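Novice: Below you will find the structure I want to go over with you.
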Amino acid sequence: MKKVLQFLLIILSILLALYINFFYLQAKDFETVRNLPQPILTAIIGFLAIQLIKRSIKKSNAWYDWIYYAGLIGILSPLLLVTSTADWLLQLAKYSALFILLSPSLELFFHFKEK
């Protein structure tokens, strides 16, 4: 039962990460990532909640469980840094969103490798 729940949480986190990545990769200007729409913010909060639930279920954390922090810092940096339009922040947000997808993808890979 525990493995099934872990698998479902991994799939849900991959779906949310794909949704977040799609938004950031489609962003054309800085204002788009500066003023995040409510569904994207909800997806980010949902992704974080799933990560916290997975941490409480698992006995120990692997090295890939910490990768999503890099992506989280990158995608939220345009919201946290007060600056005028900065192209480097847009690029940072776009490419660091991939780290959010990398963490659950590696977790899925190692989940199947265990069996």
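In the structure tokens, each chain is lettered A, B, ... as it comes, each chain's residues begin at 1, and ligands are numbered from 1 in order of appearance.
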Can I get the residues of range 57-78 of chain A within 10 Å of range 35-50 of chain A, each with the closest pair of atoms and their distance in Å to one decimal, using only C-alpha atoms, sorted chain first then ascending number, as a Markdown table?
Specialist:
```
| residue | atom | partner | partner_atom | distance |
| --- | --- | --- | --- | --- |
| A:Tyr68 | CA | A:Leu48 | CA | 9.3 |
| A:Tyr69 | CA | A:Leu48 | CA | 9.8 |
| A:Leu72 | CA | A:Ile44 | CA | 8.5 |
| A:Ile75 | CA | A:Ile44 | CA | 9.6 |
| A:Leu76 | CA | A:Leu36 | CA | 9.6 |
| A:Pro78 | CA | A:Asn35 | CA | 8.9 |
```
Novice: Pick out the residues sitting within 12 Å of range 57-59 of chain A, and hand them over as a VMD selection string; count only C-alpha atoms, and ignore anything fewer than 3 positions along from it in its own chain.
Specialist: chain A and resid 1 to 7 9 50 to 54 62 65 107 111
Novice: Keeping N, CA and C atoms, export the residues of the selection given above as a short mmCIF file (atom, residue, chain, number, x, y, z; two decimals), in the first residue's frame.
Specialist:
```
data_model
loop_
_atom_site.label_atom_id
_atom_site.label_comp_id
_atom_site.auth_asym_id
_atom_site.auth_seq_id
_atom_site.Cartn_x
_atom_site.Cartn_y
_atom_site.Cartn_z
N MET A 1 0.82 -1.20 0.00
CA MET A 1 0.00 0.00 0.00
C MET A 1 0.87 1.27 0.00
N LYS A 2 1.95 1.21 0.77
CA LYS A 2 2.84 2.36 0.87
C LYS A 2 3.53 2.64 -0.47
N LYS A 3 3.92 1.58 -1.17
CA LYS A 3 4.57 1.74 -2.48
C LYS A 3 3.60 2.31 -3.51
N VAL A 4 2.34 1.91 -3.44
CA VAL A 4 1.34 2.42 -4.37
C VAL A 4 1.11 3.91 -4.13
N LEU A 5 1.03 4.31 -2.86
CA LEU A 5 0.86 5.71 -2.53
C LEU A 5 2.07 6.53 -2.99
N GLN A 6 3.26 6.01 -2.79
CA GLN A 6 4.46 6.69 -3.26
C GLN A 6 4.45 6.85 -4.78
N PHE A 7 4.04 5.80 -5.47
CA PHE A 7 3.97 5.85 -6.93
C PHE A 7 2.97 6.90 -7.40
N LEU A 9 1.95 9.55 -5.78
CA LEU A 9 2.49 10.88 -5.48
C LEU A 9 3.57 11.28 -6.47
N ILE A 50 3.11 17.98 -2.05
CA ILE A 50 3.39 16.58 -2.39
C ILE A 50 4.80 16.21 -1.95
N GLN A 51 5.77 17.11 -2.13
CA GLN A 51 7.14 16.82 -1.70
C GLN A 51 7.20 16.62 -0.18
N LEU A 52 6.46 17.43 0.56
CA LEU A 52 6.44 17.28 2.02
C LEU A 52 5.77 15.97 2.44
N ILE A 53 4.71 15.60 1.75
CA ILE A 53 4.04 14.33 2.05
C ILE A 53 4.96 13.15 1.76
N LYS A 54 5.66 13.22 0.62
CA LYS A 54 6.59 12.13 0.28
C LYS A 54 7.70 12.02 1.30
N ALA A 62 16.81 10.55 -0.47
CA ALA A 62 17.91 10.31 -1.39
C ALA A 62 18.47 11.65 -1.87
N ASP A 65 16.21 13.98 -3.96
CA ASP A 65 15.07 14.63 -3.31
C ASP A 65 15.31 16.12 -3.05
N GLU A 107 13.16 10.20 -9.24
CA GLU A 107 12.50 9.39 -8.22
C GLU A 107 11.68 8.26 -8.85
N HIS A 111 12.37 4.40 -8.35
CA HIS A 111 11.23 3.63 -7.81
C HIS A 111 11.08 2.31 -8.57
#
```
Novice: Interatomic distance between CA of Leu106 in chain A and CA of Ser77 in chain A?
Specialist: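 If I compute the distance from CA of Leu106 in chain A to CA of Ser77 in chain A, I get 24.2 Å.
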Novice: Counting only C-alpha atoms, which residue out of A:Leu25, A:Ile100, A:Leu18, A:Leu8 sits closest to Tyr64 in chain A?
Specialist: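 Smallest separation from Tyr64 in chain A among the options: A:Ile100.
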Novice: Taking the DSSP assignment computed from this structure's backbone, write out as a ChimeraX atom specification all residues of chain A that belong to alpha helix (DSSP H).
Specialist: /A:2-26,30-34,38-57,68-80,87-114
Novice: I'd like to know which of A:Ala27, A:Ile73, A:Leu102, A:Leu108 is closest to Leu90 in chain A, using only C-alpha atoms.
Specialist: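 Smallest separation from Leu90 in chain A among the options: A:Ala27.
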Novice: Using only C-alpha atoms, which residues sit within 7 Å of Pro104 in chain A once same-chain residues fewer than 6 positions away are excluded, as number ranges by chain?
Specialist: A: 10, 13-14
Novice: I'd like the interatomic distance between CA of Phe110 in chain A and CA of Gly74 in chain A, to a tenth of an Å.
Specialist: 25.1 Å
Novice: Which residue out of A:Leu79, A:Ala70, A:Leu12, A:Val33 has the minimum interatomic distance to Ser96 in chain A when only C-alpha atoms are used?
Specialist: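 Of the candidates, the smallest distance to Ser96 in chain A is held by A:Ala70.
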Novice: So how many Å separate CA of Thr32 in chain A and CA of Leu89 in chain A, to one decimal?
Specialist: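 Going from CA of Thr32 in chain A over to CA of Leu89 in chain A, I get 11.6 Å.
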Novice: For Lys28 in chain A, which of A:Tyr95, A:Asn61, A:Glu114, A:Asp87 is the closest residue, counting only C-alpha atoms?
Specialist: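 The shortest atom-to-atom distance to Lys28 in chain A comes from A:Asp87.
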